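Colleague: Dropping a structure here in structure tokens format, bear with me for questions.
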Amino acid sequence: MVPEAQVSEHDRIEPEEHDDPNHLNSLSKFTLFETKSRFYITASTADTHRVLKIDRTDPTTLHVVEDQTVYDGAELDLLLRMVQDGNKSQGGLEKVLEFHGIVGFVKFTAGWYLILITKRSVVGLLGGHYIYHCDETTLITIASKSERTAQETKMLHTFQHVDLTKNFYFSYSYDITNSLQTNLTVSPQNRQWNTRFMWNHYLLSPAFDLEDPKGKSKWVLPLIYGFMDQAKINVFTRTVYLTLIARRSRHYAGARFLTRGANEHGHVANEVETEQIVSEPLATSFGSRTKADEVHQMSDYAAGYGAYTSFVQYRGSIPVMWHQESNQMTPRPPIEITIKDPFYTPAAKHFDDLLGRYGAPIFILNLIKSRETVPRESKLLAEYGQCVEYLNQFLPEGKKMQYIAWDMSQAAKSGHQDVMGVLEDVCEEALQATNFFHGGPARNEVGTDPHRNKPLLQHGILRVNCVDCLDRTNAAQFAIAKRAFGHQLYALGLIGTPHLPFSCDAVDVLTEMYHDHGDTLAWQYTGSALVNRVDTYRRTKAAQWSSHSRDLLENIRRFYNNSMLDADKQSAINLFLGVQPTLPTLDLARPNYRQWFTPSHLEEPKSDELAPINQVYKEYYKPHILSQFGRLYAFTMNSTTRFHAKPKNEMLASPFESRIPTELGSPTMHQSSIRRTARRWAAPSSAPGSASHHAAAAHNAAEDQGTESHHPPHQHSTHPIENLISSLLDPPDIDKRINDYEWYTKYHSSDDSDSHITLVEEKDLQLYIRVSKMSKGDSSDEQYQNQLAYNHHNANVNVTTGAGVGTLNLGGNVNWTNNLQHIINPVEGKNEIVIKDSSPLTDLTKLDELGKVNMGYYENWLKGNAVGS
């Protein structure tokens with residue numbers, strides 16, 4: 001090994017700014033070496049290398065040593081050779097495998113195991129930071145000698161029921177456990193892992209400290225469990241990234257009927273945080289900004305990450321203590337409230353945690369049924385309403401929770417309510433109170449409303465639930481996401497109003513992403529896909545006929561999994577997360593019955609700084625990958641151009657315009673007929689119902705009536721490109737173009753089907769008439785006898801002497817009056833054409849044959865325009 005003095009000196013010199021322990025790691029290439037007594041793991045990125053040592057001598061004790069030295073390539077080779085030479089007597093140093101990250105360490109009854117990621121695939125790109133999906137893992141025994149008992153084998157088999165190759169995601173340089181807002185507004189020295197969503201927390205805890213933000217280890221690779229998807233929206237010459245990340249909580253996780261409601265710690269079942277990121281990354285990374293000297297409010301910043309927006313919503317079970325006894329004979333077991341707590345202690349802990357994580361206010365959208373023949377869900381409706389009412393009375397004004405109870409199932413069955421429209425209205429109300437994250441000033445067109453010239457921070461959360469937090473919840477979250485999507489695009493300056501119609505390319509992509517989002521979360525919680533999808537609540541004709549058989553099949557699959565397989569699934573999750581099943585204890589710390597919340601959670605949001613997360617250029621720019629576009633994720637990412645097969649004339653259509661004239665899915669959007677644009681220089685379109693919309697309508701009405709409007713005209717300067725587009729879409733000489741086109745299309749046609757007409761001009765026809773008269777001895781037009789000419793560039797005279805026939809080709813479009821070069825003189829007494837300074841040629845009567853076809857076409861013209869007699 002390297003001497004201690006050399007190591008300490010190296011530590012003082014080598015570490016650079018991007019190796020600061022407060023920053024995330026960017027180590028992505030791992031190699032496992034082994035000797036008889038130790039495992040050596042090397043991790044590298046570019047010319048930076050680190051080493052981790054794991055002792056193998058004691059099978060019952062895990063001893064992991066992280067070498068703090070930062071090595072270059074030559075020093076790492078020297079270190080490995082020294083280890084090789086020092087272990088020659090015991091077999092030397094052997095390379096075991098190359099892998100992509102450490103999941104963690106686990107022990108059952110015998111020795112410790114090491115879990116490694118051996119295959120990965122890129123599923124996301126956010127600000128230059130790659131997000132990967134775990135495709136394959138391997139489990140390696142650490143101890144050199146170990147014996148597996150029957151109990152050990154059984155527990156290992158149960159542990160492997162948690163499939164690490166499905167829906168587990170990680171990133172080397174981006175903190176995937178936190179939202180984009182946290183990553184961009186909290187300084188690295190204050191930011192820590194959100195261990196709620198770190199599913200390998202229990203596996204990493206024996207070797208690393210995961211709670212201290214100042215002691216972050218570069219070897220820690222957090223894994224989230226949930227859903228991740230990303231697509232590109234092509235907006236003419238601009239590209240917008242739509243990213244969806246769902247993080248499932250590791251607290252109170254499990255199967256459907258075995259984890260319901262809330263536990264005594266305030267953790268709820270099926271808790272998922274869904275983040276929707278809309279960005280227009282013109283550069284690779286998030287960029288940089290001058291660091292602030294001290295803590296500032298977000299409003300103090302006038303610039304930042306203006307191309308990035310994020311909206312977070314939340315789903316989770318009703319936070320009271322209730323359960324359902326799973327019965328193999330009953331598909332829908334009865335719901336029972338287990339503990340009637342008059343102070344709602346679990347709910348108080350839960351909502352205090354939400355206030356601490358997201359801030360106030362909290363919007364609660366409860367979608368369970370209110371009218372049932374046999375009360376099931378309606379029991380929870382009354383309990384939940386009383387819970388929120390009790391807790392709300394102690395919150396100050398302006399910070400109270402907004403509770404909305406709506407029977408979504410009944411509304412969908414009745415057919416008299418616009419389900420999607422109601423949900424969008426709820427989202428609009430919540431957005432006005434909580435906002436969304438935007439890292440810079442608003443980019444939308446400046447209108448009559450105040451223009452936001454500072455970044456925006458989301459403070460508050462919209463919480464959605466039904467009884468299972470699956471089908472109705474996912475449809476509601478889609479409607480909410482659609483409205484938030486419009487606001488995010490509007491803030492980025494991509495559309496002229498925050499309202500998006502259905503049946504446009506962008507919303508279709510969002511719909512498919514939320515379908516996959518809901519199916520994935522449903523499989524994780526129940527073992528089946530969604531039963532009722534978004535189309536069910538939109539009541540489209542296609543969904544009414546195609547969904548019945550699918551819903552029946554999914555219900556059968558869900559019932560079988562819940563009855564037969566959920567017990568083993570719950571055991572595997574508990575073993576993976578390190579959950580020890582215990583009976584509820586009565587000596588838990590209980591919050592104050594009146595001041596159940598933490599006062600600091602109600603304060604206004606603050607931001608440490610807007611600074612780059614990490615330098616990712618060494619991770620992103622890989623020449624061997626960039627040389628092949630087929631292997632580059634940014635090139636192969638799904639997009640609107642691949643989502644729908646379109647004809648060539650629709651390739652440049654706006655992805656925000658509806659493809660159908662009438663919005664059948666949402667009657668509330670009928671009035672949204674304003675033409676939207678994808679350019680910031682285009683004239684703004686005001687949102688329906690706004691003050692600017694009414695002012696514009698009044699101004700237009702006044703113009704139509706020929707009166708002057710009391711409102712001043714819009715002072716928007718016209719861009720030259722706007723004028724060009726306007727002239728192409730609405731030409732000023734459209735009438736003349738139509739007449740010219742009609743003349744052109746009818747000019748070639750003829751009513752005489754027996755003859756083929758040759759196109760000539762009027763001057764050509766007059767020449768034919770006069771030459772014909774002269775050939776018959778009519779000399780009334782003497783002025784033409786010595787002046788008829790033609791342009792030798794456009795007319796050809798092909799002559800053969802002797803007995804040959806002379807041909808005079810008098811084609812169309814010939815200027816017969818310019819460049820007088822050849823004069824045609826009839827010879828007295830002879831029907832011949834004499835070309836000046838030439839000999840007599842052919843009989844003049846042959847010339848009549850040249851104009852026969854044309855003469856027939858202009859017969860009617862001759863009758864109305866007699867020339868000569």
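Naming scheme: A, B, ... for chains in displayed order of the structure tokens; residues 1 onward per chain; ligands 1 onward as shown.
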Counting only C-alpha atoms, what is within 7 Å of segment 392-404 of chain A, bar same-chain residues fewer than 6 positions away, as an MDAnalysis selection string?
Modeller: chainID A and resid 360:366 594:595
Colleague: Could you please write out, as a list in words, every residue of segment 150-190 of chain A that DSSP assigns to alpha helix (DSSP H)?
Modeller: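 So, restricting segment 150-190 of chain A to alpha helix (DSSP H), we get Ala150, Gln151, Glu152, Thr153, Lys154, Met155, Leu156, His157, Thr158, Phe159, Leu180, Gln181, Thr182, Asn183, Leu184 and Thr185 of chain A.
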Colleague: Please determine, counting only C-alpha atoms, which residue among A:Arg533, A:Arg472, A:Lys232, A:Lys569 has the shortest atom-to-atom distance to Ala255 of chain A.
Modeller: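 Smallest separation from Ala255 of chain A among the options: A:Lys569.
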Colleague: So which residues touch segment 626-640 of chain A within 8 Å, counting only C-alpha atoms, skipping near sequence neighbours fewer than 6 positions away, as an MDAnalysis selection string?
Modeller: chainID A and resid 122:125 230:234 505:506 509 655
Colleague: Write the residues of the selection above to a file with N, CA, C and O atoms, as an mmCIF file, in the first residue's frame.
Modeller:
data_model
loop_
_atom_site.group_PDB
_atom_site.id
_atom_site.type_symbol
_atom_site.label_atom_id
_atom_site.label_comp_id
_atom_site.auth_asym_id
_atom_site.auth_seq_id
_atom_site.Cartn_x
_atom_site.Cartn_y
_atom_site.Cartn_z
ATOM 1 N N VAL A 122 -29.856 3.824 -20.384
ATOM 2 C CA VAL A 122 -30.196 5.226 -20.201
ATOM 3 C C VAL A 122 -31.688 5.420 -20.462
ATOM 4 O O VAL A 122 -32.225 4.977 -21.471
ATOM 5 N N VAL A 123 -32.375 6.085 -19.533
ATOM 6 C CA VAL A 123 -33.802 6.361 -19.688
ATOM 7 C C VAL A 123 -34.119 7.847 -19.563
ATOM 8 O O VAL A 123 -35.268 8.245 -19.768
ATOM 9 N N GLY A 124 -33.133 8.669 -19.224
ATOM 10 C CA GLY A 124 -33.413 10.086 -19.069
ATOM 11 C C GLY A 124 -32.151 10.911 -19.172
ATOM 12 O O GLY A 124 -31.042 10.433 -18.902
ATOM 13 N N LEU A 125 -32.323 12.170 -19.569
ATOM 14 C CA LEU A 125 -31.220 13.119 -19.664
ATOM 15 C C LEU A 125 -31.747 14.453 -19.166
ATOM 16 O O LEU A 125 -32.632 15.051 -19.787
ATOM 17 N N GLN A 230 -39.342 9.855 -20.424
ATOM 18 C CA GLN A 230 -38.942 11.133 -21.004
ATOM 19 C C GLN A 230 -39.227 11.110 -22.497
ATOM 20 O O GLN A 230 -39.078 10.078 -23.158
ATOM 21 N N ALA A 231 -39.668 12.253 -23.023
ATOM 22 C CA ALA A 231 -39.955 12.369 -24.449
ATOM 23 C C ALA A 231 -39.634 13.786 -24.898
ATOM 24 O O ALA A 231 -39.608 14.732 -24.093
ATOM 25 N N LYS A 232 -39.404 13.925 -26.207
ATOM 26 C CA LYS A 232 -39.141 15.229 -26.804
ATOM 27 C C LYS A 232 -40.387 15.711 -27.535
ATOM 28 O O LYS A 232 -41.072 14.929 -28.187
ATOM 29 N N ILE A 233 -40.654 17.002 -27.419
ATOM 30 C CA ILE A 233 -41.727 17.643 -28.164
ATOM 31 C C ILE A 233 -41.080 18.609 -29.134
ATOM 32 O O ILE A 233 -40.414 19.559 -28.714
ATOM 33 N N ASN A 234 -41.252 18.357 -30.404
ATOM 34 C CA ASN A 234 -40.636 19.188 -31.429
ATOM 35 C C ASN A 234 -41.559 20.360 -31.754
ATOM 36 O O ASN A 234 -42.645 20.167 -32.304
ATOM 37 N N ASP A 505 -50.722 16.809 -30.260
ATOM 38 C CA ASP A 505 -49.595 15.887 -30.121
ATOM 39 C C ASP A 505 -48.986 15.927 -28.727
ATOM 40 O O ASP A 505 -48.645 14.896 -28.146
ATOM 41 N N ALA A 506 -48.820 17.124 -28.179
ATOM 42 C CA ALA A 506 -48.185 17.250 -26.865
ATOM 43 C C ALA A 506 -49.022 16.571 -25.782
ATOM 44 O O ALA A 506 -48.495 15.861 -24.923
ATOM 45 N N VAL A 509 -48.833 12.731 -26.033
ATOM 46 C CA VAL A 509 -47.617 12.201 -25.409
ATOM 47 C C VAL A 509 -47.769 12.167 -23.891
ATOM 48 O O VAL A 509 -47.419 11.179 -23.226
ATOM 49 N N PRO A 655 -47.449 21.176 -32.281
ATOM 50 C CA PRO A 655 -47.874 20.077 -31.406
ATOM 51 C C PRO A 655 -48.891 20.500 -30.359
ATOM 52 O O PRO A 655 -49.367 19.666 -29.601
#
Colleague: Which residue, A:Arg538, A:Gly91, A:Thr185, A:Gly127, has the smallest gap to Asp418 of chain A when you use only C-alpha atoms?
Modeller: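 Selected residue with least distance to Asp418 of chain A: A:Arg538.
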Colleague: Rank nothing, just name the residue among A:Asn190, A:Ala74, A:Val220, A:Leu462 nearest to Ile102 of chain A, using only C-alpha atoms.
Modeller: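 Closest to Ile102 of chain A, using only C-alpha atoms: A:Val220.
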Colleague: May I have the residues within 7 Å of Phe170 of chain A as a compact mmCIF listing (two decimals) with C-alpha atoms, in the first residue's frame, using only C-alpha atoms and disregarding those fewer than 4 positions away in the same chain?
Modeller:
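As written to disk, part14.txt reads:
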# COMPACT_ATOMS: atom_id res chain seq x y z
CA ILE A 131 -30.58 8.82 -15.47
CA TYR A 132 -30.26 5.04 -15.74
CA HIS A 133 -32.49 2.04 -15.29
CA ILE A 176 -32.68 11.62 -8.14
CA LEU A 221 -25.60 5.38 -5.30
CA PRO A 222 -29.25 5.93 -4.30
CA LEU A 223 -31.89 3.83 -6.04
CA ILE A 224 -35.45 5.02 -6.35
Colleague: Enumerate the residues of segment 337-509 of chain A with a DSSP assignment of strand (DSSP E or B), computed from the backbone, and present them as a list in words.
Modeller: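 Taking segment 337-509 of chain A and keeping strand (DSSP E or B) gives Ile337, Ile362, Phe363, Ile364, Leu365, Asn366, Gln402, Tyr403, Ile404, Ala405, Phe437, His438, Gly439, Leu456, Ile461, Leu462, Arg463, Val464 and Asn465 of chain A.
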Colleague: Measuring between only C-alpha atoms, which one of A:Ile117, A:Val388, A:Ala348, A:Met408 shows the shortest distance to Arg590 of chain A?
Modeller: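 Closest to Arg590 of chain A, using only C-alpha atoms: A:Ala348.
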Colleague: Quick check, in Å to one decimal: how far apart do atom CA of Asp608 of chain A and atom CA of Ala433 of chain A lie?
Modeller: 22.7 Å
Colleague: Let me make sure I understand: among A:Ser217, A:Ser726, A:Ser503, A:Thr237, which one has the smallest atom-to-atom distance to Phe656 of chain A if we use only C-alpha atoms?
Modeller: A:Ser503
Colleague: Identify which of the residues A:Gly266, A:Gly73, A:Pro281, A:Gly306 lies closest to Phe437 of chain A, counting only C-alpha atoms when measuring atom-to-atom distances.
Modeller: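 Looking at the shortest contact to Phe437 of chain A, the residue is A:Gly306.
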Colleague: Hey, what's within 12 Å of Ala589 of chain A if we count only C-alpha atoms and toss same-chain stuff fewer than 3 positions away? As a PyMOL selection string, please?
Modeller: chain A and resi 264-266+345-346+349+585-586+592-593+596
Colleague: At a cut-off of 12 Å, using only C-alpha atoms, what residues contact Thr149 of chain A? Leave out same-chain residues fewer than 6 positions from it and give the result as a PyMOL selection string.
Modeller: chain A and resi 108-111+155-156
Colleague: For segment 140-207 of chain A versus segment 34-48 of chain A, which residues have an atom no more than 9 Å away, and what is each residue's nearest atom pair and distance in Å rounded to one decimal, using only C-alpha atoms, chain-then-number order, as a tab-separated table?
Modeller:
residue	atom	partner	partner_atom	distance
A:Ile142	CA	A:Phe39	CA	7.9
A:Ala143	CA	A:Ser37	CA	8.6
A:Ser144	CA	A:Lys36	CA	6.8
